file my_file24.cif (mmCIF, C-alpha atoms)
data_start
#
loop_
_atom_site.label_atom_id
_atom_site.label_comp_id
_atom_site.auth_asym_id
_atom_site.auth_seq_id
_atom_site.Cartn_x
_atom_site.Cartn_y
_atom_site.Cartn_z
CA MET A 16 0.00 0.00 0.00
CA VAL A 17 1.12 3.52 -0.76
CA PRO A 18 -0.14 6.94 0.40
CA PRO A 19 -3.38 8.47 -0.96
CA SER A 20 -3.75 10.36 -4.23
CA THR A 21 -3.88 13.55 -2.15
CA ASP A 22 -0.43 12.95 -0.64
CA ALA A 23 2.12 15.70 -1.31
CA GLY A 24 4.48 13.13 -2.85
CA ALA A 25 1.91 11.40 -5.06
CA ILE A 26 3.17 12.83 -8.36
CA ASP A 27 6.77 11.95 -7.48
CA LEU A 28 5.79 8.37 -6.61
CA GLU A 29 3.67 7.95 -9.73
CA THR A 30 6.55 9.18 -11.86
CA ALA A 31 9.00 6.87 -10.06
CA ASN A 32 6.61 4.02 -10.79
CA GLY A 33 6.65 5.04 -14.46
CA VAL A 34 10.33 4.14 -14.61
CA LEU A 35 9.86 0.82 -12.80
CA GLY A 36 6.73 -0.52 -14.43
CA GLY A 37 4.27 2.17 -15.45
CA GLU A 38 5.10 2.35 -19.14
CA PHE A 39 5.87 0.05 -22.04
CA SER A 40 9.52 1.12 -21.88
CA SER A 41 9.72 0.55 -18.12
CA ARG A 42 12.18 -1.84 -16.51
CA LEU A 43 9.74 -4.64 -15.73
CA ASN A 44 8.42 -4.83 -19.28
CA MET A 45 11.81 -4.43 -20.92
CA ASN A 46 13.19 -7.24 -18.77
CA LEU A 47 10.45 -9.88 -18.94
CA ARG A 48 9.01 -9.10 -22.36
CA GLU A 49 11.71 -7.56 -24.49
CA ASP A 50 14.91 -9.08 -23.06
CA LYS A 51 13.82 -12.50 -21.80
CA HIS A 52 10.69 -13.07 -23.95
CA TRP A 53 8.94 -14.75 -21.00
CA ALA A 54 5.92 -12.44 -20.88
CA TYR A 55 3.55 -10.62 -23.17
CA GLY A 56 3.87 -7.70 -20.80
CA SER A 57 4.87 -6.77 -17.27
CA TYR A 58 3.77 -3.60 -15.57
CA SER A 59 3.22 -1.92 -12.22
CA GLY A 60 0.68 0.67 -11.28
CA ILE A 61 -0.94 2.70 -8.55
CA GLY A 62 -4.68 3.26 -8.37
CA ASP A 63 -6.28 6.50 -7.22
CA ALA A 64 -7.92 6.65 -3.79
CA LEU A 65 -8.61 9.01 -0.90
CA GLY A 66 -7.08 6.47 1.50
CA GLN A 67 -4.18 4.10 1.06
CA ARG A 68 -3.64 3.04 -2.53
CA LEU A 69 -2.70 -0.30 -3.94
CA TRP A 70 0.63 -0.60 -5.72
CA ALA A 71 0.72 -3.74 -7.84
CA ALA A 72 3.08 -5.33 -10.32
CA THR A 73 1.76 -7.85 -12.83
CA ALA A 74 3.15 -10.20 -15.43
CA ALA A 75 1.48 -12.90 -17.49
CA VAL A 76 4.39 -15.27 -18.09
CA GLN A 77 5.13 -18.63 -19.67
CA ILE A 78 4.28 -21.40 -17.21
CA ASP A 79 7.79 -22.85 -17.49
CA LYS A 80 9.28 -19.47 -16.57
CA THR A 81 7.08 -18.73 -13.55
CA THR A 82 9.79 -19.11 -10.92
CA GLU A 83 12.41 -17.27 -12.95
CA SER A 84 9.94 -14.44 -13.60
CA ILE A 85 9.16 -14.10 -9.90
CA LYS A 86 12.89 -13.86 -9.17
CA GLU A 87 13.33 -11.19 -11.85
CA LEU A 88 10.34 -9.16 -10.65
CA GLU A 89 11.58 -9.28 -7.08
CA ARG A 90 15.14 -8.38 -8.12
CA GLU A 91 13.98 -5.43 -10.24
CA ILE A 92 11.66 -4.09 -7.54
CA VAL A 93 14.16 -4.45 -4.69
CA SER A 94 17.06 -3.01 -6.71
CA TYR A 95 15.03 0.01 -7.74
CA VAL A 96 13.42 0.71 -4.36
CA THR A 97 16.68 0.36 -2.41
CA ALA A 98 18.51 2.57 -4.96
CA LYS A 99 20.92 -0.24 -5.78
CA ALA A 100 19.76 0.45 -9.35
CA PRO A 101 18.12 3.90 -9.19
CA ALA A 102 16.45 5.64 -12.11
CA LYS A 103 18.89 6.69 -14.79
CA PRO A 104 18.70 10.24 -16.18
CA GLU A 105 17.53 8.93 -19.57
CA GLU A 106 14.76 6.88 -17.90
CA LEU A 107 13.60 9.96 -16.02
CA THR A 108 13.63 12.07 -19.20
CA LYS A 109 11.59 9.48 -21.11
CA THR A 110 9.07 9.12 -18.28
CA GLN A 111 8.77 12.89 -17.90
CA ALA A 112 8.07 13.23 -21.63
CA THR A 113 5.41 10.52 -21.53
CA GLU A 114 3.74 11.91 -18.41
CA VAL A 115 3.56 15.46 -19.75
CA ARG A 116 2.59 14.52 -23.32
CA THR A 117 -0.34 12.39 -22.16
CA LEU A 118 -1.91 15.19 -20.10
CA PRO A 119 -3.76 16.75 -23.08
CA GLY A 120 -5.71 13.47 -23.30
CA SER A 121 -7.43 14.60 -20.11
CA TYR A 122 -9.51 16.85 -22.36
CA GLU A 123 -9.70 14.71 -25.51
CA THR A 124 -13.30 13.48 -25.16
CA GLY A 125 -16.35 14.37 -23.15
CA ASN A 126 -15.78 11.34 -20.91
CA ALA A 127 -12.12 12.31 -20.40
CA VAL A 128 -13.13 15.85 -19.40
CA LEU A 129 -15.77 14.52 -17.02
CA ALA A 130 -13.26 12.09 -15.45
CA THR A 131 -10.64 14.84 -15.07
CA LEU A 132 -13.12 17.26 -13.49
CA SER A 133 -14.49 14.52 -11.22
CA GLU A 134 -10.98 13.70 -9.99
CA MET A 135 -10.28 17.37 -9.37
CA VAL A 136 -13.38 17.60 -7.17
CA LEU A 137 -12.86 14.24 -5.44
CA TYR A 138 -9.20 14.88 -4.59
CA GLY A 139 -9.54 18.63 -3.93
CA ARG A 140 -7.28 19.56 -6.83
CA PRO A 141 -7.16 23.08 -8.26
CA ASP A 142 -8.58 23.90 -11.70
CA ASN A 143 -5.07 24.09 -13.15
CA TYR A 144 -4.01 20.70 -11.78
CA PRO A 145 -2.85 19.34 -15.17
CA GLN A 146 -0.52 22.34 -15.52
CA GLN A 147 0.70 21.92 -11.93
CA ARG A 148 1.24 18.20 -12.53
CA ALA A 149 3.22 18.93 -15.71
CA ALA A 150 5.38 21.45 -13.86
CA ARG A 151 6.04 19.04 -10.98
CA VAL A 152 6.89 16.14 -13.29
CA GLY A 153 9.22 18.38 -15.28
CA ALA A 154 10.99 19.50 -12.08
CA LEU A 155 11.75 15.97 -10.86
CA SER A 156 15.31 14.73 -10.54
CA VAL A 157 16.82 11.29 -10.16
CA ASP A 158 17.36 12.03 -6.46
CA LEU A 159 13.69 12.91 -5.97
CA LEU A 160 12.69 9.67 -7.69
CA LYS A 161 14.96 7.74 -5.28
CA LYS A 162 13.18 9.36 -2.34
CA ALA A 163 9.76 8.57 -3.81
CA ALA A 164 10.60 4.96 -4.71
CA VAL A 165 11.26 3.97 -1.08
CA THR A 166 7.52 4.31 -0.51
CA ILE A 167 7.15 0.91 -2.19
CA GLN A 168 7.89 -1.78 0.41
CA PRO A 169 9.13 -5.00 -1.23
CA THR A 170 9.05 -6.87 2.09
CA ALA A 171 5.30 -6.20 2.36
CA LEU A 172 4.39 -7.68 -1.03
CA THR A 173 1.68 -10.29 -1.32
CA TRP A 174 2.38 -12.57 -4.26
CA ILE A 175 -0.65 -13.92 -6.11
CA ILE A 176 0.50 -16.56 -8.53
CA VAL A 177 -1.88 -18.31 -10.89
CA GLY A 178 -0.94 -21.38 -12.87
CA ASP A 179 -0.81 -25.14 -13.10
CA LEU A 180 -0.32 -26.13 -9.48
CA LYS A 181 1.39 -29.43 -10.33
CA THR A 182 3.99 -27.57 -12.38
CA ILE A 183 4.69 -24.51 -10.25
CA GLU A 184 3.95 -25.31 -6.60
CA ALA A 185 7.24 -26.95 -5.59
CA PRO A 186 9.52 -24.40 -7.29
CA ILE A 187 7.51 -21.52 -5.85
CA ARG A 188 7.67 -23.01 -2.34
CA ALA A 189 11.44 -23.25 -2.77
CA LEU A 190 11.63 -19.49 -3.32
CA GLY A 191 10.67 -18.87 0.32
CA LEU A 192 8.40 -15.92 -0.42
CA GLY A 193 6.60 -16.39 2.89
CA GLU A 194 3.46 -18.21 3.95
CA LEU A 195 1.99 -19.99 0.95
CA LYS A 196 -1.71 -20.73 0.59
CA VAL A 197 -3.33 -22.66 -2.21
CA VAL A 198 -6.80 -21.36 -3.07
CA ASP A 199 -9.39 -22.43 -5.63
CA ALA A 200 -11.01 -20.20 -8.26
CA ASP A 201 -13.52 -18.97 -5.68
CA GLY A 202 -10.84 -18.01 -3.16
CA ARG A 203 -11.42 -20.92 -0.78
CA VAL A 204 -8.23 -22.03 0.94
CA LEU A 205 -7.44 -25.60 -0.05
CA ARG A 206 -4.27 -25.86 2.04
#

call {"tool": "encode", "arguments": {"input": "my_file24.cif", "output": "structure tokens"}}
result
Amino acid sequence: MVPPSTDAGAIDLETANGVLGGEFSSRLNMNLREDKHWAYGSYSGIGDALGQRLWAATAAVQIDKTTESIKELEREIVSYVTAKAPAKPEELTKTQATEVRTLPGSYETGNAVLATLSEMVLYGRPDNYPQQRAARVGALSVDLLKKAAVTIQPTALTWIIVGDLKTIEAPIRALGLGELKVVDADGRVLR
């Protein structure tokens, strides 16, 4: 969980997430999809909320690469959050460009305008929030992204892994991710 959408550091955190997994060119997707070819895509994201928000990373991977993909996701997340592998200047620049260039879409259709105005009211944002957001994103530095990234707590992750239990259970147990529960499609704990 991460702080609410109204948090003073929300834009910084959302931009830091853009580098890690919020865009096609982010680290998670480049690793699992483009470099390793184990996934169709791998992303992370943060929902909007007045209270705590969910930060989640996802990847639909080949069944025979489930364990390896979990290791890579964990490595990427931990390395980024602990600043062992912080955002690079070129990653920040690319994310800044994407964040700012997508803001005009907030006014592209009637539904987009309604959603933007609704969010402004819900989160107590000023009428010029898109301009303020663009200015804040443009002012971010690699050091500010490092500070924002620590908000994500890798030790507090809950892993939800879906797949052929006979194939993946033993290797996943061997990873030692914590307490492991097997549930059915309706969420009932089987063991």

call {"tool": "resolve_selection", "arguments": {"input": "my_file24.cif", "expression": "the PyMOL selection byres ((chain A and resi 38-44) around 9)", "output": "JSON, numbers by chain"}}
result
{"A": [32, 33, 34, 35, 36, 37, 45, 46, 47, 48, 49, 50, 54, 55, 56, 57, 58, 59, 72, 74, 87, 88, 91, 92, 106, 109, 110, 113]}

call {"tool": "residues_around", "arguments": {"input": "my_file24.cif", "residues": "A:Val115", "least_positions_apart": "4", "cutoff": "12 Å", "atoms": "all atoms listed in the file", "output": "list in words"}}
result
Ile26, Thr30, Thr108, Lys109, Thr110, Gln111, Pro119, Gly120, Ser121, Pro145, Gln146, Gln147, Arg148, Ala149, Ala150, Arg151, Val152, Gly153 and Ala154 of chain A

call {"tool": "closest_residue", "arguments": {"input": "my_file24.cif", "among": "A:Gln67, A:Thr97, A:Thr21, A:Thr117", "to": "A:Lys162", "atoms": "all atoms listed in the file"}}
result
A:Thr97

call {"tool": "atom_distance", "arguments": {"input": "my_file24.cif", "atom1": "atom CA of A:Leu28", "atom2": "atom CA of A:Ala130"}}
result
21.3 Å

call {"tool": "closest_residue", "arguments": {"input": "my_file24.cif", "among": "A:Val177, A:Val204, A:Pro18, A:Ile167", "to": "A:Tyr95", "atoms": "only C-alpha atoms"}}
result
A:Ile167

call {"tool": "residues_around", "arguments": {"input": "my_file24.cif", "residues": "A:Lys196", "least_positions_apart": "5", "cutoff": "12 Å", "atoms": "all atoms listed in the file", "output": "count of residues only"}}
result
14

call {"tool": "atom_distance", "arguments": {"input": "my_file24.cif", "atom1": "atom CA of A:Val157", "atom2": "atom CA of A:Ala98"}}
result
10.3 Å

call {"tool": "atom_distance", "arguments": {"input": "my_file24.cif", "atom1": "atom CA of A:Val17", "atom2": "atom CA of A:Glu105"}}
result
25.5 Å

call {"tool": "closest_residue", "arguments": {"input": "my_file24.cif", "among": "A:Leu155, A:Ala185, A:Thr166, A:Gly191", "to": "A:Pro104", "atoms": "only C-alpha atoms"}}
result
A:Leu155

call {"tool": "residues_around", "arguments": {"input": "my_file24.cif", "residues": "A:Ala31", "least_positions_apart": "6", "cutoff": "7 Å", "atoms": "only C-alpha atoms", "output": "list of chain:residue names"}}
result
A:Leu160, A:Ala163, A:Ala164

call {"tool": "decode", "arguments": {"input": "my_file24.cif", "residues": "stretch 150-165 of chain A", "atoms": "all heavy atoms", "output": "PDB file, in the first residue's frame"}}
result
ATOM      1  N   ALA A 150       4.244  20.718 -14.430  1.00  0.00           N
ATOM      2  CA  ALA A 150       5.376  21.454 -13.858  1.00  0.00           C
ATOM      3  C   ALA A 150       6.123  20.599 -12.844  1.00  0.00           C
ATOM      4  O   ALA A 150       7.363  20.583 -12.830  1.00  0.00           O
ATOM      5  CB  ALA A 150       4.886  22.756 -13.213  1.00  0.00           C
ATOM      6  N   ARG A 151       5.394  19.872 -11.998  1.00  0.00           N
ATOM      7  CA  ARG A 151       6.044  19.036 -10.980  1.00  0.00           C
ATOM      8  C   ARG A 151       6.821  17.902 -11.642  1.00  0.00           C
ATOM      9  O   ARG A 151       7.962  17.622 -11.280  1.00  0.00           O
ATOM     10  CB  ARG A 151       5.013  18.466  -9.993  1.00  0.00           C
ATOM     11  CG  ARG A 151       5.623  17.577  -8.923  1.00  0.00           C
ATOM     12  CD  ARG A 151       6.602  18.343  -8.066  1.00  0.00           C
ATOM     13  NE  ARG A 151       7.367  17.444  -7.225  1.00  0.00           N
ATOM     14  CZ  ARG A 151       8.464  17.779  -6.594  1.00  0.00           C
ATOM     15  NH1 ARG A 151       8.936  19.013  -6.684  1.00  0.00           N
ATOM     16  NH2 ARG A 151       9.110  16.915  -5.850  1.00  0.00           N
ATOM     17  N   VAL A 152       6.204  17.236 -12.600  1.00  0.00           N
ATOM     18  CA  VAL A 152       6.886  16.136 -13.287  1.00  0.00           C
ATOM     19  C   VAL A 152       8.153  16.654 -13.963  1.00  0.00           C
ATOM     20  O   VAL A 152       9.214  16.040 -13.888  1.00  0.00           O
ATOM     21  CB  VAL A 152       5.942  15.448 -14.311  1.00  0.00           C
ATOM     22  CG1 VAL A 152       6.716  14.508 -15.222  1.00  0.00           C
ATOM     23  CG2 VAL A 152       4.836  14.700 -13.588  1.00  0.00           C
ATOM     24  N   GLY A 153       8.057  17.806 -14.600  1.00  0.00           N
ATOM     25  CA  GLY A 153       9.223  18.383 -15.276  1.00  0.00           C
ATOM     26  C   GLY A 153      10.338  18.789 -14.331  1.00  0.00           C
ATOM     27  O   GLY A 153      11.505  18.847 -14.723  1.00  0.00           O
ATOM     28  N   ALA A 154       9.993  19.067 -13.074  1.00  0.00           N
ATOM     29  CA  ALA A 154      10.991  19.496 -12.085  1.00  0.00           C
ATOM     30  C   ALA A 154      11.656  18.335 -11.356  1.00  0.00           C
ATOM     31  O   ALA A 154      12.589  18.545 -10.571  1.00  0.00           O
ATOM     32  CB  ALA A 154      10.329  20.421 -11.066  1.00  0.00           C
ATOM     33  N   LEU A 155      11.205  17.114 -11.598  1.00  0.00           N
ATOM     34  CA  LEU A 155      11.754  15.966 -10.859  1.00  0.00           C
ATOM     35  C   LEU A 155      13.183  15.663 -11.275  1.00  0.00           C
ATOM     36  O   LEU A 155      13.577  15.856 -12.421  1.00  0.00           O
ATOM     37  CB  LEU A 155      10.868  14.737 -11.063  1.00  0.00           C
ATOM     38  CG  LEU A 155       9.513  14.809 -10.380  1.00  0.00           C
ATOM     39  CD1 LEU A 155       8.640  13.612 -10.783  1.00  0.00           C
ATOM     40  CD2 LEU A 155       9.674  14.860  -8.868  1.00  0.00           C
ATOM     41  N   SER A 156      13.930  15.149 -10.313  1.00  0.00           N
ATOM     42  CA  SER A 156      15.308  14.733 -10.545  1.00  0.00           C
ATOM     43  C   SER A 156      15.442  13.257 -10.169  1.00  0.00           C
ATOM     44  O   SER A 156      14.552  12.685  -9.537  1.00  0.00           O
ATOM     45  CB  SER A 156      16.256  15.564  -9.669  1.00  0.00           C
ATOM     46  OG  SER A 156      16.000  15.274  -8.290  1.00  0.00           O
ATOM     47  N   VAL A 157      16.552  12.679 -10.527  1.00  0.00           N
ATOM     48  CA  VAL A 157      16.825  11.289 -10.156  1.00  0.00           C
ATOM     49  C   VAL A 157      16.807  11.137  -8.636  1.00  0.00           C
ATOM     50  O   VAL A 157      16.267  10.165  -8.111  1.00  0.00           O
ATOM     51  CB  VAL A 157      18.169  10.814 -10.762  1.00  0.00           C
ATOM     52  CG1 VAL A 157      18.596   9.478 -10.193  1.00  0.00           C
ATOM     53  CG2 VAL A 157      18.063  10.740 -12.287  1.00  0.00           C
ATOM     54  N   ASP A 158      17.349  12.102  -7.921  1.00  0.00           N
ATOM     55  CA  ASP A 158      17.360  12.031  -6.456  1.00  0.00           C
ATOM     56  C   ASP A 158      15.947  12.061  -5.878  1.00  0.00           C
ATOM     57  O   ASP A 158      15.653  11.349  -4.919  1.00  0.00           O
ATOM     58  CB  ASP A 158      18.198  13.165  -5.855  1.00  0.00           C
ATOM     59  CG  ASP A 158      19.695  12.931  -6.023  1.00  0.00           C
ATOM     60  OD1 ASP A 158      20.097  11.751  -6.178  1.00  0.00           O
ATOM     61  OD2 ASP A 158      20.453  13.909  -5.999  1.00  0.00           O
ATOM     62  N   LEU A 159      15.070  12.869  -6.452  1.00  0.00           N
ATOM     63  CA  LEU A 159      13.689  12.911  -5.974  1.00  0.00           C
ATOM     64  C   LEU A 159      12.965  11.596  -6.263  1.00  0.00           C
ATOM     65  O   LEU A 159      12.142  11.153  -5.464  1.00  0.00           O
ATOM     66  CB  LEU A 159      12.942  14.099  -6.587  1.00  0.00           C
ATOM     67  CG  LEU A 159      13.346  15.469  -6.051  1.00  0.00           C
ATOM     68  CD1 LEU A 159      12.703  16.583  -6.865  1.00  0.00           C
ATOM     69  CD2 LEU A 159      12.996  15.605  -4.580  1.00  0.00           C
ATOM     70  N   LEU A 160      13.293  10.971  -7.396  1.00  0.00           N
ATOM     71  CA  LEU A 160      12.691   9.668  -7.686  1.00  0.00           C
ATOM     72  C   LEU A 160      13.171   8.615  -6.692  1.00  0.00           C
ATOM     73  O   LEU A 160      12.394   7.766  -6.261  1.00  0.00           O
ATOM     74  CB  LEU A 160      13.005   9.206  -9.111  1.00  0.00           C
ATOM     75  CG  LEU A 160      12.305   9.934 -10.246  1.00  0.00           C
ATOM     76  CD1 LEU A 160      12.533   9.195 -11.557  1.00  0.00           C
ATOM     77  CD2 LEU A 160      10.835  10.138 -10.002  1.00  0.00           C
ATOM     78  N   LYS A 161      14.431   8.668  -6.305  1.00  0.00           N
ATOM     79  CA  LYS A 161      14.956   7.742  -5.282  1.00  0.00           C
ATOM     80  C   LYS A 161      14.170   7.879  -3.991  1.00  0.00           C
ATOM     81  O   LYS A 161      13.791   6.879  -3.373  1.00  0.00           O
ATOM     82  CB  LYS A 161      16.440   8.036  -4.984  1.00  0.00           C
ATOM     83  CG  LYS A 161      17.414   7.490  -5.959  1.00  0.00           C
ATOM     84  CD  LYS A 161      18.819   7.731  -5.415  1.00  0.00           C
ATOM     85  CE  LYS A 161      19.787   8.051  -6.498  1.00  0.00           C
ATOM     86  NZ  LYS A 161      21.115   8.386  -5.984  1.00  0.00           N
ATOM     87  N   LYS A 162      13.934   9.120  -3.571  1.00  0.00           N
ATOM     88  CA  LYS A 162      13.176   9.362  -2.342  1.00  0.00           C
ATOM     89  C   LYS A 162      11.754   8.826  -2.456  1.00  0.00           C
ATOM     90  O   LYS A 162      11.215   8.269  -1.508  1.00  0.00           O
ATOM     91  CB  LYS A 162      13.140  10.857  -2.024  1.00  0.00           C
ATOM     92  CG  LYS A 162      14.435  11.411  -1.514  1.00  0.00           C
ATOM     93  CD  LYS A 162      14.296  12.902  -1.211  1.00  0.00           C
ATOM     94  CE  LYS A 162      15.619  13.509  -0.801  1.00  0.00           C
ATOM     95  NZ  LYS A 162      15.510  14.953  -0.583  1.00  0.00           N
ATOM     96  N   ALA A 163      11.148   9.023  -3.607  1.00  0.00           N
ATOM     97  CA  ALA A 163       9.765   8.566  -3.807  1.00  0.00           C
ATOM     98  C   ALA A 163       9.679   7.046  -3.877  1.00  0.00           C
ATOM     99  O   ALA A 163       8.737   6.443  -3.349  1.00  0.00           O
ATOM    100  CB  ALA A 163       9.192   9.178  -5.080  1.00  0.00           C
ATOM    101  N   ALA A 164      10.644   6.409  -4.495  1.00  0.00           N
ATOM    102  CA  ALA A 164      10.605   4.955  -4.707  1.00  0.00           C
ATOM    103  C   ALA A 164      10.606   4.167  -3.406  1.00  0.00           C
ATOM    104  O   ALA A 164      10.035   3.078  -3.340  1.00  0.00           O
ATOM    105  CB  ALA A 164      11.773   4.518  -5.591  1.00  0.00           C
ATOM    106  N   VAL A 165      11.204   4.710  -2.347  1.00  0.00           N
ATOM    107  CA  VAL A 165      11.261   3.972  -1.080  1.00  0.00           C
ATOM    108  C   VAL A 165       9.882   3.782  -0.457  1.00  0.00           C
ATOM    109  O   VAL A 165       9.727   2.986   0.472  1.00  0.00           O
ATOM    110  CB  VAL A 165      12.223   4.610  -0.051  1.00  0.00           C
ATOM    111  CG1 VAL A 165      13.644   4.674  -0.586  1.00  0.00           C
ATOM    112  CG2 VAL A 165      11.748   5.980   0.375  1.00  0.00           C
TER     113      VAL A 165
END
